[in-house]
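Asks: My questions all concern the structure below.
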Amino acid sequence: MHRGLLLSIAIVLLANAATLALVALDRQGEEATITLTERELRLSPAGLENTGIALSLEWRYPRTIRHAGSWSWFDRTRLEDVGFDCSVALDAPEAKQHYRRQAFAPRAALVVLEYRPDAVPDAVEALQPFEGAGEPRQLTEEERRRLPRLAAVDVGLDAGQLRSRYPDRSRFVIVHGTVQLIYRPEEPSRSSTAPAGSAPAQASADARTSPPGPAASLPALSGSVTMVYPSQIYVPKEHRAILEELRPKEGSRDLYWAILSHRPRYEVTLTWGSRLEPRVTGVRRLASGSGEE
Amino acid sequence: MQPGDRPWTREQAQARVDRIRAFRDELAELESAGVLRLRDEERNHLAAHHDELLRLLAARFDVDRSEAEKQMSLGMRIASFLGALAFSIACFLFFYRFWGLMSVPLQGAILSAAPLLAVAGVEVAARREKTLYVASILSLVAFACFVLDISVLGSIFNMAPSAFSLLPWGLFALALAYGYRLRLLLLIGIAVSGGFVAAILADAAGLDWTAFALRPEGIVAAGLLALAAAAWEERHDRPAFAQVYRLTGWVAVLLPMLFLCQEAGFSYLPFGATAVERLYDVAAVVAGAAALWTGIARRRLGVVNTATLFASLFLFLKLYDWLWDWMPRYLFFFLVGLLALGVLALLQRLRRRLGM
């Protein structure tokens with residue numbers, strides 16, 4: 001038999017075997033089991049070209065929408081925990097160059113997501129990616145109803161340490177993700193627009209590693225979670241019946257808003273294994289208006 | 001020399017055919033100019049020898065014996081590449097169209113069987129066809145099926161993307177390339193394996209491995225490995241593969257330097273930004289000069305062209321850095337034009353000296 005043929009067959013078989021071995025290893029342990037609703041796990045639209053069902057994992061920052069720049073807990077200590085070098089003082093002449101280089105590439109980290117069905121913010125900051133969080137505003141009732149209640153609350157590199165900090169496995173899950181350093185050489189003063197003590201204003205203030213003085217243009221350093229893995233969760237055939245019925249048709253008008261406007265119609269139980277890989281272990285239809293607020 | 005004397009490759013056979021054609025053309029010119037006149041017996045003996053050699057080479061390697069055949073071969077290569085691309089897309093779409101209706105074990109079985117079937121198809125095609133056009137199409141389909149296999153298994157089991165998935169893909173492409181002498185698969189194998197080297201370095205540095213292109217020093221490392229492989233292939237008398245390694249190697253070494261000398265943010269090096277950028281200025285000049293010198297000295301046109309393009313881009317970037325802000329635009333572009341003439345004059349001198 002041809003050597004190239006044998007070698008390529010061996011590579012295919014070995015790679016498949018290694019993948020399945022990693023899956024088996026993941027299923028040896030149970031990292032966390034959490035039941036989420038349609039708010040946190042959104043259905044992909046049905047289409048002829050792709051018959052698979054995947055749920056998109058939606059998460060947010062606890063007190064602001066995640067795209068906004070401020071992360072109150074993601075301070076210098078956490079940045080150092082995930083491997084960024086924050087040894088240079090923010091007002092040092094070389095600080096801009098030092099931090100700008102690190103902001104260039106995201107780092108791999110473990111992200112703690114907290115599921116708190118009762119925790120819905122009253123206000124969020126306006127969306128201004130990487131420019132600061134903007135003016136705070138009250139959420140509408142509809143926004144309150146559709147915001148995911150899964151939030152990034154911590155980051156680190158050691159799963160064991162993070163788990164000892166967040167021992168409740170039905171509320172906190174540790175996932176793979178990426179984090180980025182955000183350095184703002186000049187933080188524009190927002191004291192005139194944000195009411196003192198309001199949640200977003202506080203979040204913005206917390207984001208600075210130096211305490212905000214009267215001149216609110218001190219350089220600021222914070223981090224952000226840019227991605228969690230996997231962002232899509234595949235639903236195997238044995239769990240797809242309910243979701244198949246509820247799945248919106250591809251190309252239907254206002255698909256996205258149609259999904260968001262109604263109350264959660266289903267809940268899905270996810271179990272994360274020892275390698276932090278989730279799998280669907282249950283799907284349940286929720287009664288209409290079942291008090292899922 | 002006869003085709004059976006040693007294990008020739010198709011490229012070597014084609015080179016011999018090209019030499020015979022050139023020899024015949026030149027002989028005809030010399031005879032018509034009266035410079036040389038062979039006796040009929042000699043001419044017939046020579047023609048018979050070449051005809052027999054061409055027949056043997058054509059039978060064994062399916063070489064192009066005329067310019068028209070060469071052009072047809074190029075068209076066939078383009079058609080086979082487009083065919084392979086279309087078949088690969090068809091495999092992806094076919095699977096996604098039906099995968100939701102299958103159980104996970106069935107999905108896994110189909111995914112792992114697809115590349116194996118395609119590889120079997122490559123083997124059958126390679127045995128039946130000397131030109132390897134069909135084998136080349138099927139090998140690309142096999143590669144696409146293997147990528148689909150591992151990436152969809154990762155999706156089914158909700159695995160985080162891993163740099164290590166690049167390793168089997170690269171090895172698989174290289175196994176097919178070496179097994180069936182397929183240069184396109186070699187190029188894919190080098191690119192994916194190079195990506196693996198860069199991704200592993202990014203991962204080891206704690207970065208998100210998918211952003212390995214933002215730290216292109218890993219690509220330089222992969223390029224140096226490709227150049228080492230080119231030297232190895234050269235020693236083992238595989239000039240066609242050596243050429244692919246050499247060109248991809250030099251591109252991988254030189255291209256990142258253009259970014260690294262402009263922006264220290266791309267670098268792993270823990271020094272100040274200015275020090276890093278100046279260091280890569282020097283590295284770019286040294287690497288560019290080395291590429292140009294080896295290309296000219298060893299008569300490798302591809303390397304010379306790569307190095308010349310790199311040197312021109314590098315000089316343009318440096319001129320932009322130094323002059324753009326304070327010099328009138330017309331003067332800047334005039335200077336760039338003068339520089340191009342300077343490069344041309346330098347290359348002409350080198351060419352004359354080395355008798356290229």
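In the structure tokens, the first chain shown is A, the next is B, and so on; residue numbers restart at 1 for each chain, and ligands run from 1 in the order shown.
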Per residue of chain B within 7 Å of chain A, note the shortest atom pair and the distance in Å to one decimal, counting only C-alpha atoms, and order the rows by chain and increasing residue number, as a tab-separated table.
Replies:
```
residue	atom	partner	partner_atom	distance
B:Leu93	CA	A:Glu49	CA	6.9
B:Tyr96	CA	A:Asn50	CA	4.8
B:Arg97	CA	A:Asn50	CA	4.7
B:Phe98	CA	A:Thr51	CA	5.9
B:Trp99	CA	A:Gly52	CA	6.0
B:Gly100	CA	A:Gly52	CA	3.8
B:Leu101	CA	A:Lys237	CA	6.8
B:Met102	CA	A:Lys237	CA	6.7
B:Ser103	CA	A:Lys237	CA	5.7
B:Val104	CA	A:Pro236	CA	6.7
B:Ser112	CA	A:Asn16	CA	6.9
B:Leu116	CA	A:Ile9	CA	6.2
B:Val119	CA	A:Leu5	CA	6.7
B:Glu123	CA	A:Leu5	CA	6.8
B:Ser155	CA	A:Tyr234	CA	6.6
B:Ile156	CA	A:Tyr234	CA	5.6
B:Phe157	CA	A:Val23	CA	7.0
B:Asn158	CA	A:Glu277	CA	5.8
B:Met159	CA	A:Glu277	CA	5.6
B:Ala160	CA	A:Tyr229	CA	5.3
B:Pro168	CA	A:Ala15	CA	6.4
B:Phe172	CA	A:Ser8	CA	5.5
B:Ala175	CA	A:Gly4	CA	5.5
B:Leu176	CA	A:Gly4	CA	5.6
B:Tyr178	CA	A:Gly4	CA	6.6
B:Gly179	CA	A:Gly4	CA	3.6
B:Tyr180	CA	A:Gly4	CA	6.8
B:Gly206	CA	A:Arg107	CA	5.9
B:Leu207	CA	A:Arg107	CA	3.9
B:Asp208	CA	A:Ala108	CA	4.5
B:Ala211	CA	A:Ala105	CA	6.7
B:Leu214	CA	A:Ala105	CA	6.4
B:Gly265	CA	A:Arg101	CA	4.3
```
Asks: Give the alpha helix (DSSP H) residues of stretch 75-294 of chain B, as DSSP finds them on the backbone, and put them as a VMD selection string.
Replies: chain B and resid 75 to 98 104 to 128 133 to 156 166 to 180 183 to 204 217 to 235 239 to 260 273 to 294
Asks: Given the choices B:Val141, B:Leu227, B:Leu171, B:Leu260, which gets closest to B:Ser193 if the distance is worked out from only C-alpha atoms?
Replies: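 Ranked by minimum distance to B:Ser193, first place goes to B:Leu171.
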Asks: Please provide as a list in words all residues within 12 Å of A:Thr35, with the sequence filter that same-chain residues fewer than 5 positions apart are discarded (counting only C-alpha atoms).
Replies: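 My reading of the contact set: Glu40, Leu41, Glu114, Tyr115, Arg116, Pro117, Arg149, Leu150, Arg169, Ser170, Arg171, Phe172, Val173, Tyr266, Glu267, Val268, Thr269, Leu270, Thr271, Trp272, Pro278, Arg279, Val280, Thr281, Gly282, Val283 and Arg284 of chain A.
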Asks: What's the 10 Å shell around stretch 60-76 of chain B, counting only C-alpha atoms, without same-chain residues fewer than 3 positions away, as a PyMOL selection string?
Replies: chain B and resi 3-4+8-18+20-21+54-57+79-82+129-133
Asks: In Å to one decimal, how far is atom CA of B:Ala47 from atom CA of B:Glu29?
Replies: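 It comes out at 15.7 Å.
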Asks: If I take atom CA of A:Val111 and atom CA of A:Asp168, how far is one from the other in Å, to one decimal?
Replies: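 Taking atom CA of A:Val111 and atom CA of A:Asp168, their separation equals 15.0 Å.
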Asks: As a PyMOL selection string, please: the residues near A:Pro148 (cut-off 7 Å, only C-alpha atoms, same-chain neighbours under 2 positions excluded).
Replies: chain A and resi 39-40+58-60+146+150
Asks: Would you work out the distance separating atom CA of A:Arg76 from atom CA of B:Arg215, expressed in Å to one decimal?
Replies: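 Taking atom CA of A:Arg76 and atom CA of B:Arg215, their separation equals 23.5 Å.
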